[in-house]
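*Asks:* Sharing run-v9.cif (mmCIF, C-alpha atoms) below.
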data_input
loop_
_atom_site.label_atom_id
_atom_site.label_comp_id
_atom_site.auth_asym_id
_atom_site.auth_seq_id
_atom_site.Cartn_x
_atom_site.Cartn_y
_atom_site.Cartn_z
CA MET I 91 142.49 115.36 51.82
CA LYS I 92 141.91 116.37 48.21
CA GLN I 93 141.52 120.02 47.34
CA ALA I 94 138.78 121.42 45.11
CA PHE I 95 139.50 123.99 42.44
CA VAL I 96 138.24 126.76 44.74
CA ALA I 97 140.02 128.30 47.71
CA GLY I 98 138.59 129.86 50.85
CA PRO I 99 140.05 132.59 53.02
CA PRO I 100 143.36 131.66 54.71
CA GLN I 101 141.70 131.44 58.14
CA TRP I 102 139.16 128.87 56.93
CA ARG I 103 139.88 125.17 57.38
CA VAL I 104 138.62 122.31 55.20
CA ARG I 105 136.87 119.79 57.45
CA GLU I 106 135.41 117.43 54.83
CA SER I 107 136.09 116.71 51.19
CA ALA I 108 134.16 114.32 48.96
CA GLY I 109 133.51 113.47 45.34
CA PRO I 110 133.37 110.62 42.82
CA HIS I 111 136.15 109.18 40.69
CA GLY I 112 138.88 111.41 42.14
CA PHE I 113 136.97 114.65 41.59
CA VAL I 114 136.11 117.00 44.46
CA THR I 115 132.47 118.05 44.36
CA ARG I 116 131.81 118.88 48.02
CA GLN I 117 133.78 120.48 50.83
CA VAL I 118 132.84 121.62 54.29
CA PHE I 119 134.70 124.69 55.53
CA GLU I 120 135.03 125.85 59.12
CA ASP I 121 135.19 129.63 59.18
CA GLU I 122 136.87 131.87 61.74
CA SER I 123 133.79 131.73 64.00
CA GLY I 124 133.64 127.93 63.99
CA ALA I 125 130.59 127.74 61.71
CA LEU I 126 130.54 124.89 59.19
CA LEU I 127 129.73 125.95 55.63
CA GLU I 128 129.18 123.59 52.73
CA TRP I 129 130.56 124.24 49.24
CA THR I 130 129.39 122.12 46.29
CA SER I 131 130.52 122.41 42.69
CA ARG I 132 126.99 122.63 41.24
CA ARG I 133 125.86 125.44 43.54
CA HIS I 134 129.17 127.22 43.05
CA ARG I 135 129.05 127.44 39.26
CA LYS I 136 125.41 128.51 39.41
CA GLY I 137 126.18 131.30 41.86
CA LEU I 138 123.93 129.89 44.58
CA GLY I 139 126.49 130.37 47.33
CA LEU I 140 127.50 128.34 50.36
CA ARG I 141 125.06 126.66 52.70
CA VAL I 142 125.15 126.03 56.42
CA ALA I 143 126.36 122.43 56.59
CA SER I 144 123.58 121.31 58.95
CA ASP I 145 120.90 122.52 56.51
CA THR I 146 122.16 120.82 53.37
CA ALA I 147 119.73 117.89 53.45
CA THR I 148 116.68 120.07 52.90
CA THR I 149 115.68 121.53 49.55
CA VAL I 150 114.71 125.17 49.82
CA HIS I 151 111.08 125.85 48.97
CA VAL I 152 110.71 128.40 46.21
CA GLU I 153 107.34 129.83 45.21
CA LEU I 154 106.46 129.49 41.53
CA ARG I 155 106.07 133.25 41.19
CA ASP I 156 109.63 133.71 42.47
CA ALA I 157 110.96 131.13 40.03
CA LEU I 158 109.22 132.75 37.06
CA ARG I 159 110.09 136.27 38.14
CA TYR I 160 113.80 135.60 38.52
CA HIS I 161 115.93 136.44 35.49
CA GLY I 162 119.53 135.43 35.07
CA LEU I 163 121.81 133.03 33.24
CA ASN I 164 120.37 130.01 35.08
CA TRP I 165 116.87 131.16 34.08
CA TRP I 166 117.86 131.40 30.40
CA ILE I 167 119.50 127.97 30.49
CA GLY I 168 116.32 126.48 31.91
CA TRP I 169 114.03 128.07 29.33
CA LEU I 170 116.27 127.21 26.38
CA PHE I 171 116.38 123.57 27.48
CA MET I 172 112.61 123.58 27.94
CA ILE I 173 111.94 124.95 24.46
CA GLY I 174 114.34 122.45 22.91
CA SER I 175 112.73 119.59 24.82
CA ALA I 176 109.25 120.75 23.82
CA CYS I 177 110.28 120.71 20.15
CA PHE I 178 111.54 117.13 20.42
CA ALA I 179 108.41 116.06 22.30
CA LEU I 180 106.18 117.70 19.70
CA GLY I 181 108.11 116.32 16.74
CA SER I 182 107.90 112.75 18.05
CA THR I 183 104.15 112.90 18.64
CA PRO I 184 102.33 110.77 16.03
CA TYR I 185 99.42 113.22 15.82
CA TYR I 186 101.80 116.05 14.91
CA GLY I 187 103.72 113.93 12.44
CA THR I 188 100.58 112.94 10.56
CA HIS I 189 99.15 116.47 10.38
CA VAL I 190 102.20 118.35 9.13
CA GLN I 191 104.54 117.76 6.23
CA ALA I 192 107.60 115.62 6.90
CA SER I 193 109.81 118.64 6.23
CA VAL I 194 108.01 120.63 8.93
CA ASP I 195 108.43 117.77 11.39
CA GLY I 196 112.13 117.63 10.53
CA VAL I 197 112.54 121.38 11.02
CA THR I 198 110.89 121.04 14.43
CA PHE I 199 113.61 118.62 15.53
CA PHE I 200 116.37 120.77 14.04
CA VAL I 201 115.12 123.92 15.78
CA GLY I 202 114.88 121.96 19.03
CA SER I 203 118.49 120.85 18.67
CA LEU I 204 119.58 124.48 18.24
CA PHE I 205 117.88 125.42 21.51
CA PHE I 206 119.63 122.46 23.17
CA THR I 207 122.98 123.68 21.88
CA SER I 208 122.33 127.27 22.98
CA ALA I 209 121.47 126.12 26.51
CA ALA I 210 124.42 123.71 26.68
CA LEU I 211 126.81 126.42 25.47
CA LEU I 212 125.63 128.85 28.15
CA GLN I 213 125.94 126.10 30.75
CA HIS I 214 129.51 125.32 29.74
CA ILE I 215 130.44 129.01 29.66
CA GLN I 216 128.97 129.33 33.14
CA THR I 217 131.13 126.41 34.26
CA VAL I 218 134.46 127.59 32.87
CA THR I 219 133.98 131.15 34.10
CA ALA I 220 133.03 130.20 37.67
CA ASP I 221 135.02 132.07 40.32
CA ARG I 222 137.95 130.23 41.85
CA ALA I 223 137.35 131.55 45.36
CA VAL I 224 134.68 131.35 48.06
CA GLY I 225 133.85 133.37 51.13
CA GLY I 226 135.13 136.64 49.74
CA HIS I 227 138.63 135.26 49.27
CA ALA I 228 140.35 136.91 46.29
CA GLU I 229 142.14 134.68 43.80
CA SER I 230 145.88 135.26 44.20
CA HIS I 231 146.85 134.19 40.69
CA PRO I 232 145.46 135.59 37.44
CA ILE I 233 143.04 133.34 35.58
CA THR I 234 144.07 132.95 31.96
CA LEU I 235 141.73 132.04 29.14
CA LEU I 236 143.52 128.72 28.78
CA LYS I 237 142.94 127.90 32.44
CA LEU I 238 139.26 128.69 32.00
CA MET I 239 138.89 126.53 28.91
CA LEU I 240 140.93 123.57 30.14
CA ALA I 241 139.93 122.31 33.57
CA PRO I 242 140.13 118.49 33.43
CA THR I 243 140.25 118.21 37.23
CA ARG I 244 136.62 119.36 37.43
CA ILE I 245 133.78 116.91 36.89
CA ASP I 246 131.38 119.69 35.88
CA TRP I 247 133.80 120.78 33.13
CA TRP I 248 133.61 117.27 31.69
CA ALA I 249 129.84 116.98 32.17
CA THR I 250 128.89 120.28 30.53
CA GLY I 251 131.55 119.96 27.82
CA ILE I 252 130.49 116.46 26.79
CA GLN I 253 126.85 117.51 26.84
CA LEU I 254 127.68 120.43 24.53
CA ILE I 255 129.40 118.04 22.12
CA GLY I 256 126.31 115.82 22.25
CA THR I 257 124.05 118.71 21.27
CA LEU I 258 126.32 119.45 18.30
CA TRP I 259 125.91 115.85 17.12
CA PHE I 260 122.13 116.32 17.39
CA ASN I 261 122.49 119.45 15.24
CA VAL I 262 124.23 117.30 12.63
CA THR I 263 121.72 114.46 12.64
CA THR I 264 118.59 116.64 12.64
CA PHE I 265 119.97 118.83 9.86
CA ALA I 266 120.95 115.82 7.73
CA ALA I 267 117.47 114.36 8.25
CA LEU I 268 116.03 117.32 6.34
CA ASN I 269 117.56 115.88 3.17
CA ASP I 270 115.13 113.29 1.80
CA THR I 271 117.39 112.31 -1.11
CA LEU I 272 119.94 110.36 0.95
CA ASN I 273 120.36 106.65 0.24
CA VAL I 274 120.48 104.06 3.02
CA GLN I 275 124.27 104.18 3.44
CA GLU I 276 124.26 107.97 3.57
CA GLN I 277 121.46 107.92 6.13
CA LEU I 278 123.47 105.55 8.32
CA VAL I 279 126.54 107.76 8.18
CA ARG I 280 124.96 111.21 8.28
CA ILE I 281 121.80 110.64 10.34
CA TRP I 282 121.98 107.50 12.46
CA THR I 283 125.66 107.66 13.46
CA PRO I 284 125.53 111.28 14.75
CA ASP I 285 122.32 110.39 16.58
CA VAL I 286 124.08 107.52 18.35
CA LEU I 287 127.13 109.66 19.16
CA GLY I 288 124.93 112.42 20.54
CA SER I 289 123.00 109.92 22.66
CA ILE I 290 126.25 108.45 24.03
CA CYS I 291 127.47 111.95 24.92
CA PHE I 292 124.20 112.67 26.72
CA LEU I 293 124.45 109.42 28.68
CA VAL I 294 128.03 110.12 29.77
CA ALA I 295 127.32 113.76 30.62
CA SER I 296 124.17 112.86 32.56
CA TYR I 297 126.03 110.23 34.58
CA LEU I 298 128.80 112.70 35.45
CA ALA I 299 126.24 115.34 36.46
CA LEU I 300 124.41 112.82 38.66
CA ALA I 301 127.67 111.71 40.26
CA GLU I 302 128.54 115.36 40.85
CA VAL I 303 125.40 116.19 42.82
CA GLY I 304 125.48 112.86 44.67
CA HIS I 305 129.21 113.20 45.45
CA ALA I 306 129.56 109.49 44.70
CA PRO I 307 129.33 107.12 41.70
CA LEU I 308 125.86 106.06 42.89
CA SER I 309 123.59 108.05 45.17
CA TRP I 310 119.99 108.48 46.28
CA ARG I 311 119.12 112.06 47.24
CA PRO I 312 115.48 112.52 46.16
CA HIS I 313 114.97 115.57 48.38
CA ASP I 314 117.82 117.48 46.73
CA ARG I 315 116.66 119.59 43.78
CA GLY I 316 119.98 119.31 41.96
CA TRP I 317 119.80 115.52 42.25
CA GLN I 318 116.20 115.52 40.97
CA ILE I 319 117.26 117.52 37.90
CA SER I 320 120.24 115.28 37.19
CA ALA I 321 118.20 112.09 37.71
CA LEU I 322 115.56 113.29 35.24
CA ASN I 323 118.27 114.12 32.71
CA MET I 324 119.82 110.68 33.23
CA LEU I 325 116.47 109.01 32.60
CA GLY I 326 115.91 111.19 29.54
CA SER I 327 119.34 110.24 28.19
CA ILE I 328 118.54 106.55 28.64
CA PHE I 329 115.32 107.01 26.67
CA PHE I 330 117.18 108.88 23.93
CA GLY I 331 119.70 106.02 23.80
CA ILE I 332 116.93 103.45 23.35
CA SER I 333 115.41 105.65 20.65
CA ALA I 334 118.75 105.76 18.81
CA ILE I 335 118.96 101.95 18.84
CA ALA I 336 115.38 101.64 17.58
CA SER I 337 116.09 104.07 14.75
CA PHE I 338 118.80 101.92 13.14
CA ILE I 339 118.20 101.96 9.39
CA LEU I 340 117.69 98.55 7.80
CA PRO I 341 118.85 97.70 4.24
CA ASP I 342 115.35 98.34 2.87
CA GLY I 343 115.39 101.87 4.31
CA ASP I 344 112.99 101.18 7.18
CA LEU I 345 113.83 101.75 10.83
CA VAL I 346 114.03 98.90 13.32
CA SER I 347 110.93 100.36 14.97
CA ILE I 348 109.50 103.75 14.13
CA GLU I 349 107.01 103.37 17.00
CA ALA I 350 109.76 102.77 19.56
CA THR I 351 111.83 105.60 18.09
CA ASN I 352 108.99 108.07 18.53
CA LEU I 353 107.92 106.75 21.92
CA PHE I 354 111.34 106.89 23.56
CA THR I 355 112.19 110.21 21.93
CA PHE I 356 108.97 111.59 23.41
CA LEU I 357 109.64 110.10 26.86
CA GLY I 358 113.21 111.39 26.85
CA ALA I 359 112.09 114.86 25.82
CA ILE I 360 109.48 114.94 28.61
CA CYS I 361 112.17 114.01 31.15
CA PHE I 362 114.43 116.78 29.85
CA LEU I 363 111.51 119.20 29.93
CA ALA I 364 110.74 118.34 33.56
CA GLY I 365 114.40 118.65 34.53
CA ALA I 366 114.67 122.02 32.79
CA TRP I 367 111.52 123.24 34.55
CA LEU I 368 113.15 122.47 37.90
CA LEU I 369 116.09 124.66 36.90
CA LEU I 370 113.86 127.71 37.41
CA PRO I 371 113.24 127.30 41.17
CA GLU I 372 116.88 126.27 41.58
CA ALA I 373 117.92 129.50 39.85
CA ALA I 374 115.64 131.53 42.12
CA GLU I 375 117.43 130.14 45.18
CA SER I 376 120.07 132.80 44.63
CA ASP I 377 117.45 135.31 45.80
CA VAL I 378 115.16 133.41 48.17
CA GLY I 379 117.17 130.36 49.20
CA ASP I 380 119.44 129.63 52.14
CA LYS I 381 122.46 131.17 50.45
CA VAL I 382 125.15 132.26 52.87
CA ASP I 383 126.54 135.60 51.73
CA ARG I 384 130.06 136.19 52.92
#
Now, as a test, write the supplied structure out as structure tokens.

*Replies:*
Amino acid sequence: MKQAFVAGPPQWRVRESAGPHGFVTRQVFEDESGALLEWTSRRHRKGLGLRVASDTATTVHVELRDALRYHGLNWWIGWLFMIGSACFALGSTPYYGTHVQASVDGVTFFVGSLFFTSAALLQHIQTVTADRAVGGHAESHPITLLKLMLAPTRIDWWATGIQLIGTLWFNVTTFAALNDTLNVQEQLVRIWTPDVLGSICFLVASYLALAEVGHAPLSWRPHDRGWQISALNMLGSIFFGISAIASFILPDGDLVSIEATNLFTFLGAICFLAGAWLLLPEAAESDVGDKVDR
């Protein structure tokens, strides 16, 4: 049975272990009283605690007022992603593009990319600094900075790290797009290529995140909030990928399809916005959910 990166108290026994592609994303522990407690990598890095194994199929209901009232790192990540998504949705709206100067539209995308990067950075920091123990068990070995930064045995380390790289590529492409003096070749290299690389990173990261919450390469868990968030991000990444293809710059300087570029950028941004909105009730679970405090 494969071991996750966390460790429980010595008297706890691992009853189940699962995860995609050789990663461990879920374990069921039996504690000293015989109770079965579920650990998952997503809940662990977000500080949401263990859950009673028999209750894991049900998403905890969180009132909107509780979600909005809660403040913490998960809350900030959600709002930063929402603001970034809203900027991309606004910038790709034809009405907005025809009523503001092109430079203003470009700045809207660039600002949105900065919010994306800020949220992705916090998410990756949250991942690499997650505790290595559960159930009150103290880590027996010191955690060095190198161990925190390099954790290739964790799927969430790959997912959040690749997503962060993708946001940096979007910083590059949206900043370069502010320069209206670039020729076609320069636009291909400095605008379109980073856009494609960022979209590829988002696709890979979204797949890994979806596999993480589903504990398998393919899964269907529509009642699980974490799965809903990851599925929306996967759909948004697909739309961003289509947008990148449609924005290929032809020799005459035109895009393959400006309409498709705007449409799929808008759809992708709406998916990211919806996924980020769901991060708020997920974050509030640490206060009102079925967290098992040990």

*Asks:* Could you check how far atom CA of Arg141 of chain I sits from atom CA of Leu240 of chain I, in Å to one decimal?

*Replies:* 27.8 Å

*Asks:* Given the PyMOL selection byres ((chain I and resi 113) around 9) and the file above, list the residues it selects as a VMD selection string.

*Replies:* chain I and resid 92 94 108 to 112 114 to 115 243 to 245 302 305

*Asks:* Starting from the displayed file, determine the output of the PyMOL selection byres ((chain I and resi 205) around 8) and express the residue list as a ChimeraX atom specification.

*Replies:* /I:170-171,173-174,201-204,206-209

*Asks:* Quick one: pull the distance between atom CA of Tyr297 of chain I and atom CA of Phe362 of chain I, Å, one decimal.

*Replies:*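 For atom CA of Tyr297 of chain I relative to atom CA of Phe362 of chain I, the distance reads 14.1 Å.
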
*Asks:* With a distance cut-off of 12 Å and all atoms listed in the file, select the neighbouring residues of Val294 of chain I, excluding the residue or stretch itself and same-chain residues fewer than 4 positions from it, and output the selection as a ChimeraX atom specification.

*Replies:* /I:245-246,248-256,287-290,298-301,320,323-325,327-328,331

*Asks:* Using all atoms listed in the file, collect all residues at a distance of at most 12 Å from (110.5, 116.8, 9.4) as written in the file, then present them as a PyMOL selection string.

*Replies:* chain I and resi 177-178+180-183+186-202+263-270

*Asks:* Counting only C-alpha atoms, I want the residues whose atoms come within 6 Å of (118.2, 130.5, 41.8) in the file frame, returned as a list in words.

*Replies:*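 Selection result: Pro371, Glu372, Ala373, Ala374, Glu375 and Ser376 of chain I.
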
*Asks:* Would you write out those residues with C-alpha atoms, as a PDB file, in the frame of the given file?

*Replies:*
ATOM      1  CA  PRO I 371     113.240 127.300  41.170  1.00  0.00           C
ATOM      2  CA  GLU I 372     116.880 126.270  41.580  1.00  0.00           C
ATOM      3  CA  ALA I 373     117.920 129.500  39.850  1.00  0.00           C
ATOM      4  CA  ALA I 374     115.640 131.530  42.120  1.00  0.00           C
ATOM      5  CA  GLU I 375     117.430 130.140  45.180  1.00  0.00           C
ATOM      6  CA  SER I 376     120.070 132.800  44.630  1.00  0.00           C
TER       7      SER I 376
END

*Asks:* Which residues match the PyMOL selection byres ((chain I and resi 105) around 10) in the file above, as a VMD selection string?

*Replies:* chain I and resid 91 102 to 104 106 to 107 117 to 120 126 to 128

*Asks:* Quick one: pull the distance between atom CA of Phe330 of chain I and atom CA of Arg135 of chain I, Å, one decimal.

*Replies:*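 Atom-to-atom, atom CA of Phe330 of chain I and atom CA of Arg135 of chain I are spaced 26.8 Å apart.
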
*Asks:* Taking all atoms listed in the file into account, which of I:Val218, I:Leu345, I:Ala241, I:Ile319 comes nearest Ile281 of chain I?

*Replies:* I:Leu345

*Asks:* Given 8 Å on each side, where is the centre and what are the edge lengths in Å to one decimal of the axis-aligned box enclosing the listed atoms of segment 347-353 of chain I, as AutoDock Vina command-line options?

*Replies:*
--center_x 109.4 --center_y 104.2 --center_z 18.0 --size_x 20.8 --size_y 23.7 --size_z 23.8

*Asks:* Kindly indicate which residue among I:Ala125, I:Ala306, I:Val96, I:Leu140 lies nearest to Ala220 of chain I, using only C-alpha atoms for the distances.

*Replies:*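 That would be I:Val96, the residue with the smallest distance to Ala220 of chain I.
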
*Asks:* With distances taken over all atoms listed in the file, which of I:Gln213, I:His313, I:Gly137, I:Ala179 is nearest to Cys361 of chain I?

*Replies:*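 Closest to Cys361 of chain I of all the choices is I:Ala179.
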